[in-house]
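Chemist: There's a structure below that I have some questions on.
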Amino acid sequence: MTTFEAEVYASDGKALRSWPLPGIPSRTRVSPDGTLVASTAFVTGHAYAPASFATVTVINKISGGGYGNLEDFTLIVGGRKIAPVDRNVWGVTFAPDDRTFYATAASGDRTWLVRGDLKKRTLTSIHETAECPSLSPDGTRIAYKKNITPGPVPHWNIAVLDLSTGKETVLAESRSVDDQVEWLDNDTLLYGLPRASAVGDDDVWSIKAAAGAAPQMFIEHAWSPSVVH
């Protein structure tokens with residue numbers, strides 16, 4: 001049976017810590033100061049598109065220990081605590097305070113952008129229909145993929161939420177983006193897309209986080225970028 005593990009390396013290439021993953025790895029992010037790491041693995045299914053899949057997302061401390069499976073946190077939607085049996089959590093992005101994070105929580109056919117609190121062990125919904133969030137370097141906006149097509153086959157557009165106003169802007173990228181978008185800086189987003197003319201090949205694209213901006217090729221033959229700020 002194929003098994004998987006997560007391994008953390010220092011900037012000099014030295015291995016710091018490793019732990020087993022319960023399934024196929026999907027998403028991972030490191031906190032801005034490098035003390036926390038989040039990982040998402042598929043336990044059943046191989047993508048977010050099927051109607052039935054299960055994920056396990058954990059946040060670990062680089063120094064040892066961690067916060068366990070985020071599905072064990074209290075989920076608060078619309079001001080009420082809910083405990084659906086089919087709950088999934090994935091796609092963590094960290095704020096700089098080592099306490100606050102954002103993620104996707106899902107139940108049935110609904111997904112929420114949630115704000116997590118590591119001390120209170122809570123996940124509180126702040127927006128609906130949002131997946132795989134990414135917090136901007138200045139902490140003012142969150143980008144995510146947004147399913148705009150009802151039905152069994154999703155089509156994910158990139159959207160940006162202003163946290164102070166609650167205004168959502170859907171960007172002009174017309175292709176379906178199944179990636180956890182990343183901020184290059186406070187104005188530009190990066191994301192991976194399959195190359196239509198070559199099976200198994202991908203490219204990283206960029207787009208300004210503003211309505212009407214056109215996508216541009218950023219790195220050829222690459223996938224799912226992560227930026228050190």
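Note on naming: chains are A, B, ... as they come in the structure tokens, residues start from 1 per chain, ligands start from 1 in the order shown.
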Which residues, written as a PDB file with C-alpha atoms, in the first residue's frame, have at least one atom at most 12 Å from Ala172 in chain A, with only C-alpha atoms counted and residues fewer than 3 positions away on the same chain left out?
Modeler:
ATOM      1  CA  TRP A 156     -13.770  27.567 -10.184  1.00  0.00           C
ATOM      2  CA  ASN A 157     -13.231  31.270 -10.787  1.00  0.00           C
ATOM      3  CA  ILE A 158     -10.762  33.311  -8.748  1.00  0.00           C
ATOM      4  CA  ALA A 159     -12.415  35.758  -6.350  1.00  0.00           C
ATOM      5  CA  VAL A 160     -11.001  38.303  -3.908  1.00  0.00           C
ATOM      6  CA  THR A 169     -14.585  40.735  -6.744  1.00  0.00           C
ATOM      7  CA  ARG A 175     -10.463  28.943 -17.081  1.00  0.00           C
ATOM      8  CA  SER A 176     -11.309  26.752 -14.095  1.00  0.00           C
ATOM      9  CA  VAL A 177      -8.585  27.144 -11.430  1.00  0.00           C
ATOM     10  CA  SER A 206      -0.378  35.611 -12.779  1.00  0.00           C
ATOM     11  CA  ILE A 207      -3.275  38.056 -12.615  1.00  0.00           C
ATOM     12  CA  LYS A 208      -3.780  41.409 -10.935  1.00  0.00           C
ATOM     13  CA  ALA A 209      -6.297  41.245  -8.076  1.00  0.00           C
ATOM     14  CA  ALA A 210      -8.655  43.704  -9.762  1.00  0.00           C
ATOM     15  CA  ALA A 211     -11.774  43.425 -11.885  1.00  0.00           C
ATOM     16  CA  GLY A 212     -11.090  43.082 -15.602  1.00  0.00           C
ATOM     17  CA  ALA A 213      -7.367  42.276 -15.276  1.00  0.00           C
ATOM     18  CA  ALA A 214      -6.029  39.838 -17.874  1.00  0.00           C
ATOM     19  CA  PRO A 215      -4.037  36.714 -16.880  1.00  0.00           C
ATOM     20  CA  GLN A 216      -0.392  36.456 -17.946  1.00  0.00           C
TER      21      GLN A 216
END
Chemist: What's the 7 Å shell around Ile142 in chain A, counting only C-alpha atoms, without same-chain residues fewer than 3 positions away, as a short mmCIF file (atom, residue, chain, number, x, y, z; two decimals) with C-alpha atoms, in the first residue's frame?
Modeler:
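See out01.cif below for the written result:
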data_model
loop_
_atom_site.label_atom_id
_atom_site.label_comp_id
_atom_site.auth_asym_id
_atom_site.auth_seq_id
_atom_site.Cartn_x
_atom_site.Cartn_y
_atom_site.Cartn_z
CA PRO A 133 -8.18 30.76 0.61
CA SER A 134 -4.99 32.81 0.55
CA LEU A 135 -4.47 35.87 2.77
CA SER A 136 -2.75 38.87 1.15
CA VAL A 160 -11.00 38.30 -3.91
CA LEU A 161 -12.76 39.35 -0.69
CA ASP A 162 -12.04 42.69 0.99
#
Chemist: So which residues touch Asp98 in chain A within 10 Å, counting only C-alpha atoms, skipping near sequence neighbours fewer than 2 positions away, as an mmCIF file with C-alpha atoms, in the first residue's frame?
Modeler:
data_model
loop_
_atom_site.group_PDB
_atom_site.id
_atom_site.type_symbol
_atom_site.label_atom_id
_atom_site.label_comp_id
_atom_site.auth_asym_id
_atom_site.auth_seq_id
_atom_site.Cartn_x
_atom_site.Cartn_y
_atom_site.Cartn_z
ATOM 1 C CA SER A 31 2.978 30.400 8.721
ATOM 2 C CA PRO A 32 4.758 33.711 7.992
ATOM 3 C CA ASP A 33 7.308 33.208 10.790
ATOM 4 C CA GLY A 34 7.887 29.556 9.908
ATOM 5 C CA THR A 35 6.676 28.112 13.223
ATOM 6 C CA LEU A 36 3.460 26.421 12.026
ATOM 7 C CA PHE A 94 -2.083 31.792 8.125
ATOM 8 C CA ALA A 95 -2.243 35.309 9.595
ATOM 9 C CA PRO A 96 1.009 36.606 11.153
ATOM 10 C CA THR A 100 -5.501 33.273 13.399
ATOM 11 C CA PHE A 101 -5.890 31.346 10.176
ATOM 12 C CA ASP A 117 -8.705 30.573 16.181
ATOM 13 C CA LEU A 118 -6.039 28.158 17.471
ATOM 14 C CA LYS A 119 -6.522 29.155 21.113
#
Chemist: My list of candidates is A:Thr122, A:Ser63, A:Ser164, A:Thr93. Which is closest to Ser226 in chain A when distances are computed with only C-alpha atoms?
Modeler: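 So, comparing all the options, the nearest one is A:Thr93.
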Chemist: Between A:Arg29, A:Gly151, A:Glu5, A:Ser107, which has the minimum distance to Pro225 in chain A (counting only C-alpha atoms)?
Modeler: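 Under the stated criterion, the closest residue is A:Arg29.
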Chemist: Give me the residues within 12 Å of Glu220 in chain A as an mmCIF file with C-alpha atoms, in the first residue's frame, counting only C-alpha atoms and dropping any in the same chain fewer than 3 places off.
Modeler:
data_model
loop_
_atom_site.group_PDB
_atom_site.id
_atom_site.type_symbol
_atom_site.label_atom_id
_atom_site.label_comp_id
_atom_site.auth_asym_id
_atom_site.auth_seq_id
_atom_site.Cartn_x
_atom_site.Cartn_y
_atom_site.Cartn_z
ATOM 1 C CA TYR A 191 -1.872 29.980 -9.632
ATOM 2 C CA GLY A 192 -1.240 26.794 -11.566
ATOM 3 C CA LEU A 193 -3.196 25.638 -14.616
ATOM 4 C CA PRO A 194 -2.901 22.486 -16.734
ATOM 5 C CA ARG A 195 -1.503 23.108 -20.207
ATOM 6 C CA ASP A 201 2.166 19.562 -18.126
ATOM 7 C CA ASP A 202 1.280 22.732 -16.222
ATOM 8 C CA ASP A 203 2.145 26.429 -16.083
ATOM 9 C CA VAL A 204 1.996 29.112 -13.407
ATOM 10 C CA TRP A 205 -0.052 32.173 -14.359
ATOM 11 C CA SER A 206 -0.378 35.611 -12.779
ATOM 12 C CA GLN A 216 -0.392 36.456 -17.946
ATOM 13 C CA MET A 217 2.014 33.530 -18.219
ATOM 14 C CA TRP A 223 2.610 24.134 -10.705
ATOM 15 C CA SER A 224 1.010 25.469 -7.505
ATOM 16 C CA PRO A 225 3.459 28.186 -6.413
#
Chemist: Would you mind telling me which residue in A:Thr2, A:Glu7, A:Thr124, A:Ala38 lies nearest to Arg80 in chain A when using only C-alpha atoms?
Modeler: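 Ranked by minimum distance to Arg80 in chain A, first place goes to A:Thr124.
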Chemist: Smallest atom-to-atom distance to Gly65 in chain A: which of A:Thr104, A:Ser197, A:Ser18, A:Thr44, using only C-alpha atoms?
Modeler: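 For Gly65 in chain A, the nearest of the given residues is A:Ser18.
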Chemist: Pick out the residues sitting within 9 Å of Thr28 in chain A, and hand them over as a ChimeraX atom specification; count only C-alpha atoms, and ignore anything fewer than 6 positions along from it in its own chain.
Modeler: /A:37-40,91-93
Chemist: Could those selected residues go to a file with all heavy atoms, as a PDB file, in the first residue's frame?
Modeler:
ATOM      1  N   VAL A  37       2.882  24.728  10.407  1.00  0.00           N
ATOM      2  CA  VAL A  37       2.669  24.211   9.062  1.00  0.00           C
ATOM      3  C   VAL A  37       1.333  23.471   9.021  1.00  0.00           C
ATOM      4  O   VAL A  37       0.996  22.730   9.942  1.00  0.00           O
ATOM      5  CB  VAL A  37       3.825  23.290   8.605  1.00  0.00           C
ATOM      6  CG1 VAL A  37       3.973  22.094   9.531  1.00  0.00           C
ATOM      7  CG2 VAL A  37       3.619  22.821   7.178  1.00  0.00           C
ATOM      8  N   ALA A  38       0.566  23.729   7.969  1.00  0.00           N
ATOM      9  CA  ALA A  38      -0.727  23.067   7.774  1.00  0.00           C
ATOM     10  C   ALA A  38      -0.632  22.144   6.573  1.00  0.00           C
ATOM     11  O   ALA A  38       0.005  22.469   5.571  1.00  0.00           O
ATOM     12  CB  ALA A  38      -1.826  24.099   7.543  1.00  0.00           C
ATOM     13  N   SER A  39      -1.269  20.989   6.680  1.00  0.00           N
ATOM     14  CA  SER A  39      -1.294  20.051   5.557  1.00  0.00           C
ATOM     15  C   SER A  39      -2.698  19.473   5.417  1.00  0.00           C
ATOM     16  O   SER A  39      -3.377  19.207   6.410  1.00  0.00           O
ATOM     17  CB  SER A  39      -0.284  18.918   5.762  1.00  0.00           C
ATOM     18  OG  SER A  39      -0.577  18.188   6.937  1.00  0.00           O
ATOM     19  N   THR A  40      -3.111  19.297   4.167  1.00  0.00           N
ATOM     20  CA  THR A  40      -4.390  18.660   3.851  1.00  0.00           C
ATOM     21  C   THR A  40      -4.119  17.420   3.018  1.00  0.00           C
ATOM     22  O   THR A  40      -3.338  17.463   2.066  1.00  0.00           O
ATOM     23  CB  THR A  40      -5.308  19.608   3.059  1.00  0.00           C
ATOM     24  OG1 THR A  40      -5.644  20.735   3.867  1.00  0.00           O
ATOM     25  CG2 THR A  40      -6.585  18.906   2.631  1.00  0.00           C
ATOM     26  N   GLY A  91      -7.366  23.611   3.012  1.00  0.00           N
ATOM     27  CA  GLY A  91      -6.834  24.836   2.419  1.00  0.00           C
ATOM     28  C   GLY A  91      -6.557  25.950   3.404  1.00  0.00           C
ATOM     29  O   GLY A  91      -7.133  27.037   3.314  1.00  0.00           O
ATOM     30  N   VAL A  92      -5.628  25.737   4.338  1.00  0.00           N
ATOM     31  CA  VAL A  92      -5.326  26.729   5.374  1.00  0.00           C
ATOM     32  C   VAL A  92      -4.432  27.834   4.816  1.00  0.00           C
ATOM     33  O   VAL A  92      -3.559  27.599   3.981  1.00  0.00           O
ATOM     34  CB  VAL A  92      -4.633  26.049   6.571  1.00  0.00           C
ATOM     35  CG1 VAL A  92      -4.054  27.084   7.539  1.00  0.00           C
ATOM     36  CG2 VAL A  92      -5.609  25.130   7.293  1.00  0.00           C
ATOM     37  N   THR A  93      -4.654  29.067   5.286  1.00  0.00           N
ATOM     38  CA  THR A  93      -3.728  30.181   5.091  1.00  0.00           C
ATOM     39  C   THR A  93      -3.595  30.909   6.422  1.00  0.00           C
ATOM     40  O   THR A  93      -4.583  31.096   7.146  1.00  0.00           O
ATOM     41  CB  THR A  93      -4.217  31.130   3.977  1.00  0.00           C
ATOM     42  OG1 THR A  93      -3.254  32.165   3.745  1.00  0.00           O
ATOM     43  CG2 THR A  93      -5.541  31.771   4.318  1.00  0.00           C
TER      44      THR A  93
END
Chemist: If we count only C-alpha atoms, what is near Val77 in chain A at a cut-off of 9 Å, once residues fewer than 3 positions away on the same chain are taken out, given as a PyMOL selection string?
Modeler: chain A and resi 80-82+112+114+123-126
Chemist: Quick one: everything within 9 Å of Val8 in chain A, counting only C-alpha atoms, minus sequence neighbours fewer than 3 positions away in the same chain. Send it as a ChimeraX atom specification.
Modeler: /A:14-18,37,62
